[in-house]
Amino acid sequence: MGASMLTATIAFPAESTEPPNFDRGRQLLEEITDVSLFTFDEPEAELEELLPDLDGESDLVDENGEVLIEYARCAGLVIINNLEEALDSRETTFLTVADYRIYISGGPSNGDNPTNATQAIWDAYKLPESVLLAMGFIPDYEQPLSRANGSGDHTPLTDTDVVDAIALGLGTSPEWPGTDTLKWIAEAIGKVRDEPGNAEPVEYLKRWSERYGFDPLSSEFLSAYINEGVDEVDEEEIEG
């Protein structure tokens, strides 16, 4: 009878020449004032586990049952320290897939406690997402992984999948059906982007910029594909 495995993963850009910046995460942690940005499932129990040296009489929550921000920050600091140690330990390995370096740790799920590294990675997701991003991690890395590198139909559609589908559709078609093909391409793109044609050109450009937090006019490659007239829109209007 085989044992099943519990795994913990966290991703980092594979092309980065710098390691995760844990100091930047610690610095930003001190600036967090909204305790709701932490995602503790059972706040009091988890804080007591992360901060074992706390006075047993300490009140970890306020009168509304919310964790006090000073304790959340202290716990966050422990989480960052544990994560840094875990990713540098022999309990963790990594693989590179779809431009992501995915750190992995795990162990059997037959009742034994997970490794310290596994728990450290799980705990990392209790941090505010902005702190994870500041350190360079990609909290939602599962979303952009393509099916070629994921688990088939259980992996969400990605840009890569849509480009592959369009290439297959065009490459295996005996003839170009004209507008029907263009409509099919737009519908395929619409599975991962706002569907082209569902907004005025200027509005579409604005929505694209807002969604990805990036002005395509600033990219030499992307700007070449923006129709004349639309690229004359004032940059402040796109951002605003």
# chains A, B, ... in the order shown; residues from 1 in each chain; ligands from 1

$ select_by_dssp --residues "chain A" --states "strand (DSSP E or B)" --output "list of chain:residue names"
A:Met5, A:Leu6, A:Thr7, A:Ala8, A:Thr9, A:Ile10, A:Ala11, A:Phe12, A:Pro13, A:Val61, A:Val67, A:Thr93, A:Phe94, A:Leu95, A:Thr96, A:Val97, A:Tyr100, A:Arg101, A:Ile102, A:Tyr103, A:Ile104, A:Ser105, A:Gly106, A:Gly107, A:Pro108

$ atom_distance --atom1 "CA of Thr92 in chain A" --atom2 "CA of Asp53 in chain A"
27.2 Å

$ closest_residue --among "A:Ala86, A:Ile166, A:Ala8, A:Leu60" --to "Glu187 in chain A" --atoms "only C-alpha atoms"
A:Ile166

$ closest_residue --among "A:Trp184, A:Phe214, A:Tyr225, A:Phe40" --to "Tyr125 in chain A" --atoms "only C-alpha atoms"
A:Phe40

$ closest_residue --among "A:Ala124, A:Glu49, A:Thr93, A:Asp99" --to "Gly76 in chain A" --atoms "only C-alpha atoms"
A:Ala124
